[in-house]
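Chemist: Below are the structure tokens for one structure; questions will follow.
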Amino acid sequence: AVVVCLVDGVVEVTGLGESPVWDETGGALWFVDIRGKKLHRWDARCGVDNCGSTGGSDDPRLRSFALPQMIGCVMLRAPSSSENEIGSGETVLVGMEDGVYVFDAESGQLGGRVLELPPADLLPPKRFNDGKPDASGRVWIGTVCHKKEPRLAKLYSSKRTTPSGQVLQDAQVDVTVSNGLGWSAFGDVFYFIDSPEKRIWAYDFDHSTGAITNRRELANCSLEHAPAAQPDGLCVDSEGHLWVAMYGGGCVIRYDGSTGAQLKRIDLPADRITCPTFGGADLDEMYVTSGNNGPESDGHHPGALFRITGLGVRGAAPFRAQI
């Protein structure tokens with residue numbers, strides 16, 4: 001495999017790159033800087049040859065949007081005509097501190113809130129973190145407390161209550177730092193990471209109802225070379241195996257989706273690796289985000305956006321939220 005630094009320093013010092021998602025329609029990668037309160041869109045079809053370590057935050061393929069709150073994730077959205085619609089172009093969903101909002105990709109305008117953090121869960125103070133839609137368009141999104149109080153955060157899934165309205169329902173998974181989530185190639189298993197536990201959990205997934213049951217440990221992600229490292233974001237490839245970013249471990253690890261066995265490890269030139277996703281015209285490239293606490297502690301390219309090629313496996317196009 002070949003690792004390339006696509007955009008160096010896109011996440012500034014103290015920033016936290018996260019939630020990369022490939023938009024096959026636009027040929028672009030969306031990702032966020034949680035602490036920097038920015039949404040980024042990297043255009044792979046721009047045609048500007050500015051790859052490698054010379055690429056920076058002024059890369060002409062990169063568009064950045066400042067938002068009023070910390071933003072935990074970005075999700076693709078199916079075309080919709082709701083009261084929260086803005087403009088006439090493509091919209092995505094952004095999970096921020098107090099809710100999930102519509103964002104217009106063309107105008108850069110933030111629209112209305114379509115899902116709110118349930119009032120009963122406002123204390124202790126928390127924000128939304130990682131989130132993804134499932135194959136039916138439900139939004140799955142978790143939270144993290146600002147002070148990371150143990151097991152007081154939640155994982156939610158959206159439920160339609162009216163033809164134009166949805167609410168978040170508690171998935172009954174008490175967590176500390178709700179992070180990576182995804183589904184097996186056949187859609188019958190749901191994977192979930194609560195980072196401080198250093199484990200990947202698997203659940204039976206009912207596609208028709210969205211219910212998750214039969215929780216079991218798939219893999220222990222503890223690393224001998226980096227004892228403090230924690231699993232962060234994940235994605236699933238076409239063969240049904242998981243790729244997990246190791247925050248503080250400087251790598252992405254591939255785990256067997258059935259047995260949890262470690263299949264491959266790819267090292268990257270940054271320590272705080274946060275989330276991988278598949279993209280590119282053939283979905284055979286991997287894009288990886290990272291955090292940035294400065295070069296002294298985070299390797300040669302802290303806060304960079306990376307691309308990995310030559311993996312010999314493809315991913316699947318991400319699902320779109322029906323909201």
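Note on naming: chains are A, B, ... as they come in the structure tokens, residues start from 1 per chain, ligands start from 1 in the order shown.
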Among region 92-320 of chain A, which residues carry a DSSP assignment of helix (DSSP H, G or I), reported as a short mmCIF file (atom, residue, chain, number, x, y, z; two decimals) with N, CA and C atoms, in the first residue's frame?
Modeler:
```
data_model
loop_
_atom_site.label_atom_id
_atom_site.label_comp_id
_atom_site.auth_asym_id
_atom_site.auth_seq_id
_atom_site.Cartn_x
_atom_site.Cartn_y
_atom_site.Cartn_z
N PRO A 119 -33.98 16.47 25.18
CA PRO A 119 -33.83 17.33 26.37
C PRO A 119 -33.39 16.56 27.62
N ALA A 120 -33.83 15.32 27.75
CA ALA A 120 -33.49 14.54 28.94
C ALA A 120 -32.00 14.22 29.00
N ASP A 121 -31.31 14.38 27.88
CA ASP A 121 -29.90 14.03 27.81
C ASP A 121 -28.99 15.25 27.71
N SER A 195 -14.60 4.33 22.39
CA SER A 195 -13.14 4.37 22.32
C SER A 195 -12.40 3.96 23.58
N PRO A 196 -12.76 4.46 24.80
CA PRO A 196 -11.96 4.11 25.98
C PRO A 196 -11.98 2.61 26.31
N GLU A 197 -12.98 1.87 25.79
CA GLU A 197 -13.03 0.43 26.06
C GLU A 197 -12.02 -0.34 25.21
N PRO A 295 3.58 19.13 15.89
CA PRO A 295 4.52 18.13 15.37
C PRO A 295 5.34 17.41 16.44
N GLU A 296 5.49 18.04 17.60
CA GLU A 296 6.30 17.39 18.62
C GLU A 296 5.67 16.09 19.11
N SER A 297 4.34 16.05 19.08
CA SER A 297 3.66 14.87 19.61
C SER A 297 2.89 14.10 18.55
N ASP A 298 2.77 14.64 17.38
CA ASP A 298 1.88 14.03 16.40
C ASP A 298 2.56 13.63 15.10
#
```
Chemist: Report as a VMD selection string all protein, DNA and RNA residues lying within 6 Å of Ile273 (chain A), evaluated on only C-alpha atoms, omitting residues in the same chain fewer than 2 positions from it.
Modeler: chain A and resid 245 to 247 250 271 290
Chemist: So that I can check the surroundings of region 32-47 of chain A, please list as a list in words every protein, DNA and RNA residue that reaches within 6 Å of it, counting only C-alpha atoms and ignoring chain neighbours fewer than 5 positions away.
Modeler: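 That gives Gly15, Leu16, Gly17, Glu18, Gly27, Arg61, Leu62, Arg63, Ser64, Phe65, Ala66, Leu67, Gln69, Met70, Ile71 and Gly72 of chain A.
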Chemist: With only C-alpha atoms as the counted atoms, please give the residues lying no more than 9 Å from Ser158 (chain A), apart from itself and same-chain residues fewer than 4 positions off, as a list in words.
Modeler: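 Listed by chain and then number, they are Leu115, Gly137, Arg138, Val139, Trp140, Ile141, Gln166, Val167, Leu168, Gln169 and Asp170 of chain A.
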Chemist: So how many Å separate CA of Val21 (chain A) and CA of Leu76 (chain A), to one decimal?
Modeler: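 Rounded to one decimal, the two atoms are 7.7 Å apart.
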Chemist: Hey, what's within 12 Å of Ala1 (chain A) if we count only C-alpha atoms and toss same-chain stuff fewer than 2 positions away? As a list in words, please?
Modeler: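 Result of the neighbour search: Val3, Val4, Val252, Lys264, Arg265, Ile266, Asp267, Leu268, Asp284, Glu285, Met286, Arg307, Ile308, Thr309, Gly310, Leu311, Gly312 and Val313 of chain A.
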Chemist: Can you spit out the residues from that selection as a short mmCIF file (atom, residue, chain, number, x, y, z; two decimals), in the first residue's frame, using all heavy atoms?
Modeler:
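Writing done, so here's out15.cif:
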```cif
data_model
loop_
_atom_site.label_atom_id
_atom_site.label_comp_id
_atom_site.auth_asym_id
_atom_site.auth_seq_id
_atom_site.Cartn_x
_atom_site.Cartn_y
_atom_site.Cartn_z
N VAL A 3 0.96 5.34 0.96
CA VAL A 3 0.34 6.42 1.73
C VAL A 3 0.83 7.76 1.19
O VAL A 3 2.03 7.99 1.08
CB VAL A 3 0.69 6.30 3.22
CG1 VAL A 3 0.08 7.47 4.00
CG2 VAL A 3 0.20 4.98 3.78
N VAL A 4 -0.11 8.65 0.88
CA VAL A 4 0.21 9.99 0.39
C VAL A 4 -0.48 11.02 1.27
O VAL A 4 -1.64 10.86 1.65
CB VAL A 4 -0.25 10.17 -1.08
CG1 VAL A 4 -0.06 11.62 -1.53
CG2 VAL A 4 0.52 9.23 -2.00
N VAL A 252 -3.81 2.51 10.77
CA VAL A 252 -5.13 1.96 10.47
C VAL A 252 -4.98 0.45 10.46
O VAL A 252 -4.04 -0.09 9.85
CB VAL A 252 -5.67 2.46 9.12
CG1 VAL A 252 -6.98 1.76 8.77
CG2 VAL A 252 -5.88 3.97 9.15
N LYS A 264 -4.25 -6.79 8.85
CA LYS A 264 -3.25 -5.90 8.24
C LYS A 264 -3.14 -4.63 9.07
O LYS A 264 -4.13 -4.20 9.69
CB LYS A 264 -3.64 -5.55 6.80
CG LYS A 264 -2.68 -4.63 6.07
CD LYS A 264 -3.15 -4.35 4.65
CE LYS A 264 -3.05 -5.58 3.78
NZ LYS A 264 -3.30 -5.26 2.34
N ARG A 265 -1.95 -4.04 9.06
CA ARG A 265 -1.74 -2.75 9.72
C ARG A 265 -0.99 -1.84 8.77
O ARG A 265 0.01 -2.24 8.18
CB ARG A 265 -0.93 -2.95 11.01
CG ARG A 265 -0.55 -1.63 11.70
CD ARG A 265 0.23 -1.88 12.96
NE ARG A 265 1.41 -1.02 13.05
CZ ARG A 265 2.35 -1.17 13.96
NH1 ARG A 265 2.28 -2.15 14.84
NH2 ARG A 265 3.38 -0.35 13.98
N ILE A 266 -1.49 -0.61 8.63
CA ILE A 266 -0.85 0.39 7.77
C ILE A 266 -0.48 1.59 8.64
O ILE A 266 -1.35 2.23 9.24
CB ILE A 266 -1.77 0.81 6.62
CG1 ILE A 266 -2.07 -0.40 5.73
CG2 ILE A 266 -1.12 1.92 5.79
CD1 ILE A 266 -3.03 -0.11 4.61
N ASP A 267 0.81 1.89 8.70
CA ASP A 267 1.29 3.03 9.49
C ASP A 267 1.20 4.31 8.68
O ASP A 267 1.42 4.31 7.46
CB ASP A 267 2.73 2.79 9.93
CG ASP A 267 2.86 1.61 10.89
OD1 ASP A 267 1.96 1.45 11.73
OD2 ASP A 267 3.84 0.86 10.78
N LEU A 268 0.90 5.41 9.36
CA LEU A 268 0.80 6.73 8.73
C LEU A 268 1.69 7.71 9.47
O LEU A 268 1.97 7.52 10.66
CB LEU A 268 -0.64 7.23 8.72
CG LEU A 268 -1.61 6.43 7.85
CD1 LEU A 268 -2.43 5.48 8.69
CD2 LEU A 268 -2.53 7.36 7.07
N ASP A 284 -11.74 2.26 -4.45
CA ASP A 284 -10.58 1.44 -4.07
C ASP A 284 -9.46 2.26 -3.44
O ASP A 284 -8.35 1.76 -3.26
CB ASP A 284 -10.06 0.66 -5.27
CG ASP A 284 -9.62 1.58 -6.42
OD1 ASP A 284 -9.84 2.80 -6.34
OD2 ASP A 284 -9.06 1.05 -7.39
N GLU A 285 -9.75 3.50 -3.10
CA GLU A 285 -8.81 4.35 -2.39
C GLU A 285 -9.33 4.57 -0.97
O GLU A 285 -10.55 4.60 -0.75
CB GLU A 285 -8.66 5.70 -3.08
CG GLU A 285 -8.20 5.62 -4.53
CD GLU A 285 -8.29 6.95 -5.26
OE1 GLU A 285 -8.93 7.89 -4.72
OE2 GLU A 285 -7.73 7.04 -6.36
N MET A 286 -8.43 4.72 -0.04
CA MET A 286 -8.84 5.00 1.33
C MET A 286 -8.37 6.40 1.72
O MET A 286 -7.22 6.78 1.51
CB MET A 286 -8.25 3.97 2.31
CG MET A 286 -8.66 4.21 3.76
SD MET A 286 -8.09 2.90 4.87
CE MET A 286 -9.25 1.60 4.41
N ARG A 307 -4.29 9.80 1.79
CA ARG A 307 -4.91 8.84 0.87
C ARG A 307 -4.02 7.60 0.79
O ARG A 307 -2.79 7.72 0.67
CB ARG A 307 -5.09 9.44 -0.52
CG ARG A 307 -5.73 8.45 -1.52
CD ARG A 307 -6.12 9.14 -2.82
NE ARG A 307 -4.97 9.71 -3.49
CZ ARG A 307 -5.05 10.60 -4.48
NH1 ARG A 307 -6.24 11.02 -4.89
NH2 ARG A 307 -3.97 11.09 -5.06
N ILE A 308 -4.64 6.42 0.84
CA ILE A 308 -3.92 5.15 0.75
C ILE A 308 -4.41 4.41 -0.49
O ILE A 308 -5.62 4.23 -0.67
CB ILE A 308 -4.15 4.28 1.99
CG1 ILE A 308 -3.80 5.05 3.27
CG2 ILE A 308 -3.33 3.00 1.90
CD1 ILE A 308 -4.15 4.30 4.54
N THR A 309 -3.49 4.00 -1.35
CA THR A 309 -3.84 3.24 -2.54
C THR A 309 -3.12 1.89 -2.51
O THR A 309 -2.22 1.67 -1.70
CB THR A 309 -3.46 4.01 -3.81
OG1 THR A 309 -2.05 4.36 -3.75
CG2 THR A 309 -4.26 5.30 -3.94
N GLY A 310 -3.52 1.01 -3.42
CA GLY A 310 -2.89 -0.29 -3.51
C GLY A 310 -3.32 -1.27 -2.43
O GLY A 310 -2.60 -2.22 -2.12
N LEU A 311 -4.53 -1.08 -1.89
CA LEU A 311 -5.00 -1.96 -0.82
C LEU A 311 -5.50 -3.30 -1.35
O LEU A 311 -5.60 -4.28 -0.61
CB LEU A 311 -6.13 -1.28 -0.02
CG LEU A 311 -5.71 -0.07 0.82
CD1 LEU A 311 -6.93 0.64 1.37
CD2 LEU A 311 -4.79 -0.50 1.94
N GLY A 312 -5.88 -3.34 -2.64
CA GLY A 312 -6.38 -4.58 -3.21
C GLY A 312 -7.79 -4.94 -2.79
O GLY A 312 -8.23 -6.08 -2.93
N VAL A 313 -8.52 -3.96 -2.28
CA VAL A 313 -9.90 -4.20 -1.86
C VAL A 313 -10.68 -2.90 -2.04
O VAL A 313 -10.10 -1.80 -2.03
CB VAL A 313 -9.95 -4.66 -0.38
CG1 VAL A 313 -9.51 -3.54 0.56
CG2 VAL A 313 -11.33 -5.17 0.00
#
```
Chemist: What is the distance between CA of Asn220 (chain A) and CA of Gln262 (chain A), in Å to one decimal?
Modeler: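 One can read the CA of Asn220 (chain A) to CA of Gln262 (chain A) distance as 9.6 Å.
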Chemist: I need the residue nearest Ala304 (chain A) from this list: A:Tyr287, A:Phe278, A:Phe128, A:Phe205. Use only C-alpha atoms for the distance.
Modeler: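 The closest residue to Ala304 (chain A) is A:Tyr287.
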Chemist: What does the distance from CA of Ala226 (chain A) to CA of Gly249 (chain A) come to in Å, to one decimal?
Modeler: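 If I compute the distance from CA of Ala226 (chain A) to CA of Gly249 (chain A), I get 5.5 Å.
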Chemist: Restricting the calculation to only C-alpha atoms, which member of A:Gly180, A:Pro125, A:Gly315, A:Gly165 is positioned closest to Glu239 (chain A)?
Modeler: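 With only C-alpha atoms as the atom set, the closest residue is A:Gly315.
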Chemist: Considering only C-alpha atoms, state which residue in the set A:Arg160, A:Gly260, A:Thr213, A:Ala185 is at the smallest distance from Val173 (chain A).
Modeler: A:Thr213
Chemist: With a distance cut-off of 8 Å and only C-alpha atoms, select the neighbouring residues of Ala153 (chain A), excluding the residue or stretch itself and same-chain residues fewer than 3 positions from it, and output the selection as JSON, numbers by chain.
Modeler: {"A": [126, 142, 143, 144, 145, 149, 150, 174, 175, 176, 177, 178]}
Chemist: Of the residues A:Glu12, A:Asp206, A:Glu97, A:Glu217, which is the one nearest to His146 (chain A), using only C-alpha atoms?
Modeler: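 Nearest to His146 (chain A): A:Glu97.
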Chemist: I want to know what sits within 8 Å of region 316-320 of chain A, based on only C-alpha atoms, with residues of the same chain fewer than 2 positions away left out; could you give that as a list in words?
Modeler: Val21, Trp22, Asp23, Glu24, Met75, Leu76, Arg77, Ala78, Lys132, Pro133, Asp134, Ala135, Gly137, Val236, Asp237, Ser238, Phe278, Gly279, Leu283, Arg314 and Gln322 of chain A
Chemist: Just to be explicit: take each residue in the selection above, keep C-alpha atoms, and write the result as a PDB file, in the first residue's frame.
Modeler:
```pdb
ATOM      1  CA  VAL A  21     -17.331  10.530   3.682  1.00  0.00           C
ATOM      2  CA  TRP A  22     -17.036  10.065  -0.067  1.00  0.00           C
ATOM      3  CA  ASP A  23     -19.699  11.643  -2.284  1.00  0.00           C
ATOM      4  CA  GLU A  24     -19.658   9.543  -5.445  1.00  0.00           C
ATOM      5  CA  MET A  75     -23.502  12.681   6.415  1.00  0.00           C
ATOM      6  CA  LEU A  76     -24.753  12.444   2.858  1.00  0.00           C
ATOM      7  CA  ARG A  77     -28.427  13.126   2.408  1.00  0.00           C
ATOM      8  CA  ALA A  78     -30.991  11.874  -0.070  1.00  0.00           C
ATOM      9  CA  LYS A 132     -23.786   7.583   9.780  1.00  0.00           C
ATOM     10  CA  PRO A 133     -27.029   6.665   8.011  1.00  0.00           C
ATOM     11  CA  ASP A 134     -27.988   3.003   7.647  1.00  0.00           C
ATOM     12  CA  ALA A 135     -29.281   1.341   4.467  1.00  0.00           C
ATOM     13  CA  GLY A 137     -31.783   6.089   5.697  1.00  0.00           C
ATOM     14  CA  VAL A 236     -16.173  -1.709   6.235  1.00  0.00           C
ATOM     15  CA  ASP A 237     -14.821  -3.046   2.935  1.00  0.00           C
ATOM     16  CA  SER A 238     -16.579  -5.118   0.263  1.00  0.00           C
ATOM     17  CA  PHE A 278     -13.221   4.374   0.988  1.00  0.00           C
ATOM     18  CA  GLY A 279     -13.517   6.666  -2.002  1.00  0.00           C
ATOM     19  CA  LEU A 283     -14.035   3.033  -4.300  1.00  0.00           C
ATOM     20  CA  ARG A 314     -12.836  -1.844  -2.382  1.00  0.00           C
ATOM     21  CA  GLN A 322     -33.664   9.962   4.453  1.00  0.00           C
TER      22      GLN A 322
END
```
